[in-house]
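Q: Here you go, this is entry_8.txt (compact mmCIF, C-alpha atoms (C1' of nucleotides)).
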# COMPACT_ATOMS: atom_id res chain seq x y z
CA MET I 282 79.64 189.93 -91.13
CA GLN I 283 81.35 186.94 -92.69
CA LEU I 284 79.84 184.52 -95.19
CA ALA I 285 81.36 181.40 -96.69
CA THR I 286 80.59 178.63 -99.15
CA TRP I 287 81.99 175.12 -99.17
CA ASN I 288 81.23 172.03 -101.23
CA ILE I 289 82.03 169.35 -98.68
CA ASN I 290 81.34 166.24 -100.84
CA SER I 291 79.40 164.20 -98.24
CA LEU I 292 78.50 165.76 -94.91
CA THR I 293 78.66 162.32 -93.31
CA VAL I 294 82.37 162.07 -94.09
CA ARG I 295 83.24 165.75 -93.61
CA LEU I 296 81.22 166.68 -90.50
CA PRO I 297 84.25 166.73 -88.16
CA GLN I 298 86.16 168.93 -90.62
CA VAL I 299 83.26 171.38 -90.94
CA LEU I 300 82.96 171.62 -87.16
CA ASP I 301 86.72 172.13 -86.84
CA TRP I 302 86.68 174.80 -89.52
CA LEU I 303 83.82 176.68 -87.86
CA GLN I 304 85.83 176.82 -84.63
CA THR I 305 88.63 178.71 -86.36
CA HIS I 306 86.33 180.51 -88.83
CA PRO I 307 83.17 181.41 -86.90
CA VAL I 308 81.43 182.86 -89.96
CA ASP I 309 77.90 184.21 -89.70
CA VAL I 310 76.70 182.18 -92.67
CA LEU I 311 78.12 178.98 -94.15
CA ALA I 312 76.53 177.58 -97.31
CA LEU I 313 77.24 173.88 -97.79
CA GLN I 314 76.85 171.87 -100.99
CA GLU I 315 76.85 168.17 -101.83
CA LEU I 316 75.63 166.94 -98.46
CA LYS I 317 74.67 163.61 -100.05
CA LEU I 318 72.20 162.89 -97.28
CA THR I 319 68.49 163.31 -96.54
CA ASP I 320 67.04 165.85 -94.09
CA GLU I 321 66.40 163.09 -91.53
CA LYS I 322 70.12 162.31 -91.43
CA PHE I 323 71.22 165.93 -91.05
CA PRO I 324 73.37 166.03 -87.90
CA ALA I 325 72.37 167.95 -84.77
CA ASP I 326 76.00 168.84 -84.04
CA PHE I 327 75.75 172.32 -85.56
CA ALA I 328 73.23 173.41 -82.93
CA VAL I 329 75.76 172.48 -80.27
CA ALA I 330 78.32 174.57 -82.15
CA GLY I 331 75.98 177.55 -81.97
CA TYR I 332 74.50 177.45 -85.45
CA HIS I 333 71.00 177.33 -86.77
CA ALA I 334 70.68 175.06 -89.78
CA VAL I 335 68.36 174.83 -92.74
CA CYS I 336 68.80 171.64 -94.72
CA PHE I 337 67.50 170.77 -98.16
CA GLY I 338 68.84 167.28 -98.52
CA GLN I 339 68.77 164.46 -101.03
CA LYS I 340 69.83 160.84 -100.92
CA THR I 341 73.20 160.03 -102.53
CA TYR I 342 73.50 163.20 -104.62
CA ASN I 343 73.30 166.98 -104.25
CA GLY I 344 71.81 168.41 -101.06
CA VAL I 345 72.50 171.89 -99.66
CA ALA I 346 72.35 173.60 -96.28
CA LEU I 347 72.68 177.03 -94.72
CA LEU I 348 74.33 177.28 -91.30
CA THR I 349 73.63 180.63 -89.67
CA LYS I 350 74.36 182.26 -86.34
CA GLU I 351 71.07 184.15 -86.52
CA PRO I 352 67.97 182.22 -87.56
CA ALA I 353 67.37 182.23 -91.30
CA GLN I 354 64.12 183.88 -92.40
CA ASP I 355 61.85 183.44 -95.42
CA VAL I 356 63.48 180.22 -96.61
CA VAL I 357 62.86 179.11 -100.19
CA ARG I 358 63.89 175.71 -101.54
CA ASN I 359 65.10 175.34 -105.13
CA LEU I 360 64.07 177.70 -107.93
CA PRO I 361 60.36 178.60 -107.89
CA GLY I 362 58.76 177.78 -111.22
CA PHE I 363 61.53 175.36 -112.18
CA GLU I 364 60.40 171.82 -111.44
CA ASP I 365 63.37 169.83 -110.19
CA VAL I 366 63.77 166.59 -108.27
CA GLN I 367 67.35 167.59 -107.39
CA SER I 368 68.02 169.59 -104.20
CA ARG I 369 70.35 172.39 -105.24
CA VAL I 370 69.29 175.79 -103.90
CA LEU I 371 68.46 177.39 -100.55
CA THR I 372 67.49 181.05 -100.32
CA ALA I 373 67.04 182.82 -96.99
CA THR I 374 67.33 186.18 -95.28
CA VAL I 375 70.00 186.50 -92.60
CA GLY I 376 70.09 189.87 -90.87
CA ASP I 377 69.54 192.35 -93.69
CA VAL I 378 71.16 190.20 -96.38
CA ARG I 379 69.38 187.88 -98.79
CA VAL I 380 71.55 184.80 -99.18
CA ILE I 381 71.33 182.23 -101.96
CA GLY I 382 73.40 179.09 -101.48
CA ALA I 383 73.54 176.92 -104.59
CA TYR I 384 75.01 173.76 -106.02
CA PHE I 385 75.01 174.44 -109.74
CA PRO I 386 74.73 171.36 -112.00
CA ASN I 387 77.95 169.79 -113.18
CA GLY I 388 76.81 169.33 -116.76
CA GLN I 389 79.10 166.37 -117.53
CA ALA I 390 79.99 167.37 -121.12
CA PRO I 391 78.66 169.61 -123.88
CA GLY I 392 76.02 167.84 -125.95
CA THR I 393 74.75 165.61 -123.14
CA ASP I 394 71.33 165.70 -121.46
CA LYS I 395 73.04 166.85 -118.27
CA PHE I 396 74.56 169.80 -120.10
CA ALA I 397 71.14 170.77 -121.46
CA TYR I 398 69.76 170.54 -117.90
CA LYS I 399 72.56 172.78 -116.70
CA MET I 400 71.67 175.41 -119.31
CA HIS I 401 67.98 175.37 -118.36
CA TRP I 402 68.84 175.47 -114.68
CA LEU I 403 71.12 178.47 -115.22
CA GLU I 404 68.32 180.30 -117.02
CA ALA I 405 65.94 179.62 -114.12
CA MET I 406 68.57 180.73 -111.60
CA ARG I 407 69.09 183.99 -113.50
CA GLU I 408 65.37 184.78 -113.38
CA TRP I 409 65.22 183.91 -109.67
CA VAL I 410 68.16 186.22 -108.89
CA ARG I 411 66.69 188.97 -111.05
CA ALA I 412 63.41 188.81 -109.11
CA GLN I 413 65.13 188.51 -105.70
CA LEU I 414 67.30 191.56 -106.37
CA VAL I 415 64.20 193.71 -106.81
CA LEU I 416 62.97 192.67 -103.38
CA HIS I 417 66.37 192.43 -101.68
CA PRO I 418 69.05 194.84 -102.97
CA LYS I 419 71.57 193.40 -100.49
CA LEU I 420 72.08 189.95 -101.98
CA VAL I 421 74.80 187.28 -101.90
CA LEU I 422 74.80 184.40 -104.39
CA MET I 423 77.37 181.82 -103.40
CA GLY I 424 78.13 178.20 -103.99
CA ASP I 425 79.67 175.65 -106.29
CA TYR I 426 78.96 177.16 -109.71
CA ASN I 427 80.77 174.49 -111.71
CA ILE I 428 81.80 177.26 -114.13
CA THR I 429 85.06 179.17 -114.57
CA PHE I 430 84.91 182.85 -115.50
CA ASP I 431 87.90 182.78 -117.84
CA ASP I 432 91.36 181.33 -118.41
CA ALA I 433 92.68 182.77 -115.15
CA ASP I 434 90.42 180.30 -113.34
CA VAL I 435 91.87 177.29 -115.16
CA TRP I 436 95.22 175.55 -114.52
CA ASP I 437 95.47 174.38 -118.16
CA PRO I 438 93.34 176.74 -120.26
CA VAL I 439 94.64 175.33 -123.54
CA GLY I 440 94.18 171.66 -122.72
CA LEU I 441 90.79 172.23 -121.09
CA ALA I 442 89.43 174.70 -123.66
CA GLY I 443 85.82 173.92 -124.48
CA THR I 444 85.51 171.18 -121.87
CA ILE I 445 82.96 171.19 -119.05
CA HIS I 446 83.30 174.24 -116.72
CA CYS I 447 85.14 176.09 -119.48
CA THR I 448 82.68 176.30 -122.38
CA ASP I 449 81.51 179.59 -123.90
CA GLU I 450 77.89 178.62 -123.21
CA GLU I 451 78.48 178.18 -119.47
CA ARG I 452 80.54 181.37 -119.24
CA THR I 453 77.87 183.33 -121.09
CA HIS I 454 75.40 182.26 -118.40
CA LEU I 455 77.83 183.22 -115.65
CA ARG I 456 78.37 186.66 -117.16
CA ALA I 457 74.59 187.05 -117.45
CA LEU I 458 74.41 186.70 -113.67
CA ILE I 459 77.09 189.38 -113.33
CA ASP I 460 75.10 191.59 -115.71
CA LEU I 461 72.17 191.56 -113.27
CA GLY I 462 74.32 193.81 -111.07
CA LEU I 463 76.53 191.33 -109.24
CA HIS I 464 80.27 191.29 -108.59
CA ASP I 465 82.75 188.41 -108.34
CA ALA I 466 83.87 189.14 -104.77
CA VAL I 467 87.20 187.29 -105.03
CA ARG I 468 88.29 189.51 -107.91
CA LEU I 469 87.55 192.67 -105.96
CA PHE I 470 90.70 191.94 -103.98
CA GLU I 471 94.31 191.07 -104.70
CA GLN I 472 94.75 187.30 -104.95
CA PRO I 473 97.59 184.79 -105.24
CA GLU I 474 98.57 183.59 -108.71
CA LYS I 475 96.73 180.47 -109.90
CA ASN I 476 93.95 180.95 -107.39
CA TYR I 477 91.67 177.89 -107.51
CA SER I 478 88.90 176.43 -105.35
CA TRP I 479 88.76 172.83 -106.63
CA TRP I 480 91.41 170.23 -107.39
CA ASP I 481 90.88 166.72 -108.76
CA TYR I 482 91.51 163.92 -106.29
CA ARG I 483 93.67 162.23 -108.89
CA ASP I 484 97.25 162.80 -110.01
CA PHE I 485 98.29 164.81 -106.95
CA ALA I 486 96.37 167.70 -108.50
CA PHE I 487 96.31 169.74 -105.29
CA ARG I 488 100.04 169.36 -104.67
CA ARG I 489 100.70 170.45 -108.25
CA ASN I 490 98.03 173.18 -107.98
CA ARG I 491 96.24 171.82 -111.02
CA GLY I 492 92.85 173.26 -110.20
CA LEU I 493 89.85 175.30 -111.24
CA ARG I 494 88.14 178.26 -109.62
CA ILE I 495 84.51 177.15 -109.78
CA ASP I 496 83.27 178.11 -106.30
CA HIS I 497 82.20 181.74 -106.28
CA ILE I 498 80.66 184.44 -104.11
CA LEU I 499 78.76 187.04 -106.10
CA ILE I 500 77.59 190.17 -104.27
CA SER I 501 75.12 192.82 -105.33
CA ASP I 502 75.94 196.48 -106.03
CA ALA I 503 74.43 197.45 -102.68
CA LEU I 504 76.98 195.25 -100.84
CA LYS I 505 80.06 196.02 -102.93
CA ALA I 506 81.20 199.02 -100.90
CA SER I 507 81.02 197.08 -97.63
CA ALA I 508 83.12 194.14 -98.83
CA THR I 509 86.52 194.23 -97.15
CA ALA I 510 87.98 190.83 -98.05
CA CYS I 511 87.28 187.68 -100.02
CA ALA I 512 89.57 184.68 -100.42
CA VAL I 513 89.81 180.94 -100.92
CA ASP I 514 90.91 179.05 -97.80
CA LYS I 515 93.13 176.28 -99.17
CA LEU I 516 94.02 174.88 -95.76
CA PRO I 517 91.13 172.37 -95.44
CA ARG I 518 92.21 170.83 -98.75
CA LYS I 519 95.33 169.66 -96.90
CA ASN I 520 93.28 167.62 -94.42
CA GLU I 521 93.68 163.87 -94.31
CA ARG I 522 90.37 163.09 -96.05
CA PRO I 523 89.59 166.39 -97.70
CA SER I 524 86.75 167.51 -99.87
CA ASP I 525 87.95 168.19 -103.40
CA HIS I 526 86.72 171.79 -102.91
CA ALA I 527 88.06 174.50 -100.62
CA PRO I 528 85.87 177.07 -98.85
CA VAL I 529 85.60 180.67 -100.04
CA VAL I 530 85.13 183.37 -97.40
CA LEU I 531 83.69 186.88 -97.76
CA THR I 532 84.00 189.62 -95.15
CA LEU I 533 81.53 192.51 -95.06
CA ALA I 534 82.18 195.56 -92.89
C1' DA U 199 93.29 156.13 -121.41
C1' DT U 200 86.48 154.92 -121.78
C1' DG U 201 92.53 155.44 -116.93
C1' DC U 202 94.07 157.97 -112.40
C1' DC U 203 90.56 159.37 -106.79
C1' DT U 204 86.47 159.60 -103.75
C1' DC U 205 81.75 158.76 -102.26
C1' DA U 206 77.08 156.36 -101.86
C1' DG U 207 74.62 152.35 -102.45
C1' DC U 208 70.64 147.94 -105.30
C1' DT U 209 78.34 147.87 -101.64
C1' DC U 210 83.49 144.18 -103.62
C1' DC U 211 81.26 146.90 -108.79
C1' DT U 212 78.85 150.93 -110.82
C1' DG U 213 77.51 155.80 -111.55
C1' DA U 214 78.72 160.40 -110.80
C1' DG U 215 81.54 163.96 -109.80
C1' DA U 216 84.60 167.82 -112.21
Could I get this structure in the form of structure tokens?
A:
Amino acid sequence: MQLATWNINSLTVRLPQVLDWLQTHPVDVLALQELKLTDEKFPADFAVAGYHAVCFGQKTYNGVALLTKEPAQDVVRNLPGFEDVQSRVLTATVGDVRVIGAYFPNGQAPGTDKFAYKMHWLEAMREWVRAQLVLHPKLVLMGDYNITFDDADVWDPVGLAGTIHCTDEERTHLRALIDLGLHDAVRLFEQPEKNYSWWDYRDFAFRRNRGLRIDHILISDALKASATACAVDKLPRKNERPSDHAPVVLTLA
DNA sequence: ATGCCTCAGCTCCTGAGA
């Protein structure tokens, strides 16, 4: 079984690239973030490509989807108990795996309202994952986390110290998710040096590999032994009109 | 540099992303 996550920064613009990518990477589950469209505008093309789709869209901002080869079961939108007008989370069962696809808040900058929202959202996500793990030991939490684990995830850890994605507060929340019994799947396997998943559109950041690793796949204890590979696929970032994020792919035996 | 690039929309500028 293969699962992947990809922030595609507008499904309208990136649809052909997603379809192309699925042809060469026929994963069982693809979690998409930042669709930037409403459910009514979600394209039918994925059905033609052999995928079931669950969309939780939003106009202009956010919006997430789960593309699955098998129909997704027991779908939950957003974080129960956490009132939110923003569409950021889809949870569903695919086969015997509980999958959570999420677009974590950006947070803008420490001290802002958006940062405070991010902190509250992270707390709600932690409680949701804690509760889901009790019911579903085989769990995958993947998406655009907008948080780096540590300096190894940052192209300029000195210059970016304490800035958004790199603050102690965000990283404490990320470690709290790990402490629920999850594992950073990418780090279970040997990786290239300076292994990032996002690069700014500006300043030729991708060419210079000035990036951040902020897209993650976390897997539960019960899945750890079956994980055989996990890596960032940088190739789509070389497309003509790329998303600023690259997909991350997990393989389970 | 409150900049750089990209996307959506109250579209030719602004807000947001990260």
Q: Using only C-alpha atoms (C1' of nucleotides) and a cut-off of 6 Å, which residues of chain U sit close to chain I? Please list them as a list in words.
A: DC202, DC203 and DA206 of chain U
Q: Got a sec to check which residues sit within 9 Å of (84.1, 175.7, -97.7), counting all atoms listed in the file, and write them as JSON, numbers by chain?
A: {"I": [285, 286, 287, 288, 289, 299, 302, 311, 312, 313, 314, 496, 513, 514, 517, 524, 526, 527, 528, 529, 530]}
Q: Residues within 12 Å of (93.5, 174.9, -117.2), file coordinates, counting all atoms listed in the file: what are they? Give the list as a ChimeraX atom specification.
A: /I:429-447,475-477,479-480,486,490-495
Q: Would you mind telling me which residue in I:Ala334, I:Val345, I:Ala373, I:Ala390 lies nearest to DG215 of chain U when using all atoms listed in the file?
A: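 For DG215 of chain U, the nearest of the given residues is I:Ala390.
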Q: When you draw a straight line from atom CA of Lys322 of chain I to atom CA of Lys350 of chain I, how long is it in Å?
A: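 According to the coordinates, atom CA of Lys322 of chain I and atom CA of Lys350 of chain I are separated by 21.0 Å.
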Q: Mind pulling up the distance from atom CA of Val357 of chain I to atom CA of Leu469 of chain I?
A: 28.8 Å
Q: Nearest to Cys511 of chain I among I:Met423, I:Ala353, I:Leu300, I:Ile428, with distances taken over only C-alpha atoms: which residue is it?
A: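 Closest to Cys511 of chain I, using only C-alpha atoms: I:Met423.
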Q: With 3 Å on each side, where is the centre of the axis-aligned box around all listed atoms of segment 200-205 of chain U, and how long are its edges in Å to one decimal, as AutoDock Vina command-line options?
A:
--center_x 87.9 --center_y 157.3 --center_z -112.0 --size_x 18.3 --size_y 10.7 --size_z 25.5
Q: For Val375 of chain I, find every residue with an atom within 7 Å (counting only C-alpha atoms (C1' of nucleotides)), except residues of its own chain fewer than 6 positions away, and show them as a ChimeraX atom specification.
A: /I:351-354
